[in-house]
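Asks: Before we start, here is the structure in question, set down as structure tokens.
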Amino acid sequence: MSASGLNAVADGELAPGRQGSGFAISALESFGGAVNGFLEWFGSLGIFAWQVFKAGVTPPYEWRELVRQLDEVGSRSLPLVAMAGAAIGVVISLEARYSLSRFGAKSMFPATLVYSVIQVMGPIITGLIVSGRVGAGIGAELASMKVTEQIDAIEASAINPYRLLAATRILACILMLPLLTLAADASGLLTGWFAQTLVEPLSFHQFIESGFQGATFNAFLPPTFKTTVYGLIIGTIACFQGMRTRGGAEGVGRAATNSVVLGSLFVILADVVLVKFILVVFP
Amino acid sequence: MATTYDIPSKQRAAEPGGSVPVVAVENVHKSFGSHRVLNGVSLSVSRGETLAVLGRSGTGKSVLLRLIIGLEKPDSGSVRIHGEDIAGLALDRMGEIRKKMGFLFQHAALYDSLTVAGNVAFPLEHHRREMSRAERDDRVKQLLGEVGMEGALDKMPSDISGGMQKRVGLARALALAPEILLLDEPTAGLDPISSGEIDDLILKLQRERQMASIVVTHDLHSAKAIANRLALLDKGNVVIKGSFEDLQQSEIEFVKEFLKQS
């Protein structure tokens, strides 16, 4: 089993236990090892995040690298996020129309689609897509730089790698996630309306008016801006996994996989907390 | 070249005759887990001097260089740069010291997303922000000219040979006009002609710049060509320090065996 319990879970490495009483001991040992590994991983992640924060808030600021990362995270993820949003819009449209028809509530279709896309599906789908594309990219890129000593070369050149490599990528993820979420929302609403119109004509103006009727900013802004937390999670985990990689090509592959798996897992877990938080703070 | 370091007066006084070696490694121990890599290594280098650290693979030669530039921390002992112990220094202060050091990595460690020119310009962009773009470009061309790579400005690191990568790595290491040059296996993996060219280049740079240099190598011929002094490492200890002649006259079995096999 790998040293880190979480990495072991991500890699699917947890070994099967033995039979009989040995099985119980083995299972307990595995569990203890996994908990220990998780705590060690989490502590290291916390120290890493603090170092990045300290480096990120002190000058000199790496504006050029930040702009490059904004482009990498934002513009290059846009087509994928928009396509995923479009697909979700069609799926919700089909499902909602069928379910609402059964209960004789077809007039609720626009509001159902708008709330489902903007409050629920848009943010989480964007988070997962970005975790897959950007998380893997950052994890693999930094891991590759680590194993070829490029990160050491940066440090040896008296440049803080936490500032140059990690802070810029994490900040780009934080800033771009809400914008990408808006793109996914817009795309989902458009295709959802289009799918409905094919079956039962409904003007776009009427759809929007009816969908957003009585809606307040509180209903839509918090779900969109909660994705900044997803960005923080995705960027931090991917940079952490990449910059602490050991080994050659195998290490790079493991860093990319772990960045995606752990990033996605923590995005979903964060969503649980954030949904509850938003319901309490913005009732 | 005058140093700009503020060396505490107590440290200055501690050195015999007031002369502080540029790099002083004193009784350094370093282990990775249960594997002891360095076991009480001491050596020093002065301005204008080149020390070659020789030894078999895995004897901690590269770790020694990483300790000197602060990429690793010693378990015990001290590494002093211009008399200042670098252990426990804040990142900013360490950064100031690193600006005075050039490091050539064993595999060059060029940034693969940047061109050859971009690699050499990288330290200048970060530490010579007052330079105009034209001045920086001129400096990059001059540095690449010094290492005979002026024709490869726009090439990517993956498009040039290992020997060329080392030349570019050397140009990058020289970008900030360092007082200390650390070279990790500069000729490893190169054919004899390329090795000779790199040796000549290092000698030329030494004559022109008078840096304090430490060259880690297992290539005795290269060490003999470029170094004033040699130190032979075995099992984490310095077995012998001195000139090439001192090594030749040594009665130590390991030294004799090393010279015989090289």
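Convention: chains lettered A, B, ... in structure tokens order; per-chain residue numbering from 1; ligands numbered from 1 as shown.
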With DSSP run on the backbone, what are the strand (DSSP E or B) residues within range 29-226 of chain B? I'd like them as number ranges by chain.

Replies: B: 29-32, 35-45, 50-55, 76-81, 84-85, 101-104, 180-184, 212-216

Asks: Can you pull out the residues contacting Gly89 in chain A? Cut-off 7 Å, using only C-alpha atoms, and skip same-chain residues under 6 positions away; I want them as a list in words.

Replies: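 Contacts, in chain order: Val117, Gly188, Leu189, Thr191 and Gly192 of chain A.
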
Asks: Given only C-alpha atoms, how would the per-residue table for chain A near chain B read, listing every residue at most 10 Å away with its closest atom pair and distance in Å to one decimal, sorted by chain and number, as JSON lines?

Replies:
{"residue": "A:Ala55", "atom": "CA", "partner": "B:Leu91", "partner_atom": "CA", "distance": 9.8}
{"residue": "A:Pro60", "atom": "CA", "partner": "B:His126", "partner_atom": "CA", "distance": 8.8}
{"residue": "A:Glu62", "atom": "CA", "partner": "B:His126", "partner_atom": "CA", "distance": 9.1}
{"residue": "A:Ser144", "atom": "CA", "partner": "B:Asp112", "partner_atom": "CA", "distance": 9.9}
{"residue": "A:Met145", "atom": "CA", "partner": "B:Tyr111", "partner_atom": "CA", "distance": 7.9}
{"residue": "A:Lys146", "atom": "CA", "partner": "B:Ala109", "partner_atom": "CA", "distance": 9.8}
{"residue": "A:Val147", "atom": "CA", "partner": "B:Ala109", "partner_atom": "CA", "distance": 9.6}
{"residue": "A:Thr148", "atom": "CA", "partner": "B:Ala109", "partner_atom": "CA", "distance": 6.0}
{"residue": "A:Glu149", "atom": "CA", "partner": "B:Ala109", "partner_atom": "CA", "distance": 5.5}
{"residue": "A:Gln150", "atom": "CA", "partner": "B:Ala109", "partner_atom": "CA", "distance": 5.1}
{"residue": "A:Ile151", "atom": "CA", "partner": "B:Ala109", "partner_atom": "CA", "distance": 8.6}
{"residue": "A:Asp152", "atom": "CA", "partner": "B:Leu71", "partner_atom": "CA", "distance": 7.2}
{"residue": "A:Ala153", "atom": "CA", "partner": "B:Ala109", "partner_atom": "CA", "distance": 6.5}
{"residue": "A:Ile154", "atom": "CA", "partner": "B:Pro123", "partner_atom": "CA", "distance": 8.5}
{"residue": "A:Glu155", "atom": "CA", "partner": "B:Leu71", "partner_atom": "CA", "distance": 7.7}
{"residue": "A:Ala156", "atom": "CA", "partner": "B:Arg98", "partner_atom": "CA", "distance": 6.3}
{"residue": "A:Ser157", "atom": "CA", "partner": "B:Pro123", "partner_atom": "CA", "distance": 6.2}
{"residue": "A:Ala158", "atom": "CA", "partner": "B:Gly95", "partner_atom": "CA", "distance": 4.4}
{"residue": "A:Ile159", "atom": "CA", "partner": "B:Gly95", "partner_atom": "CA", "distance": 7.0}
{"residue": "A:Asn160", "atom": "CA", "partner": "B:Leu91", "partner_atom": "CA", "distance": 8.1}

Asks: Find the residues near Ala96 in chain A: any atom within 9 Å, counting only C-alpha atoms, skip ones fewer than 6 places away on the same chain, and give them as a list in words.

Replies: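 Result of the neighbour search: Lys106, Phe109, Thr112 and Leu113 of chain A.
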
Asks: To one decimal place in Å, what is the distance between CA of Ser93 in chain A and CA of Ala195 in chain A?

Replies: 6.6 Å
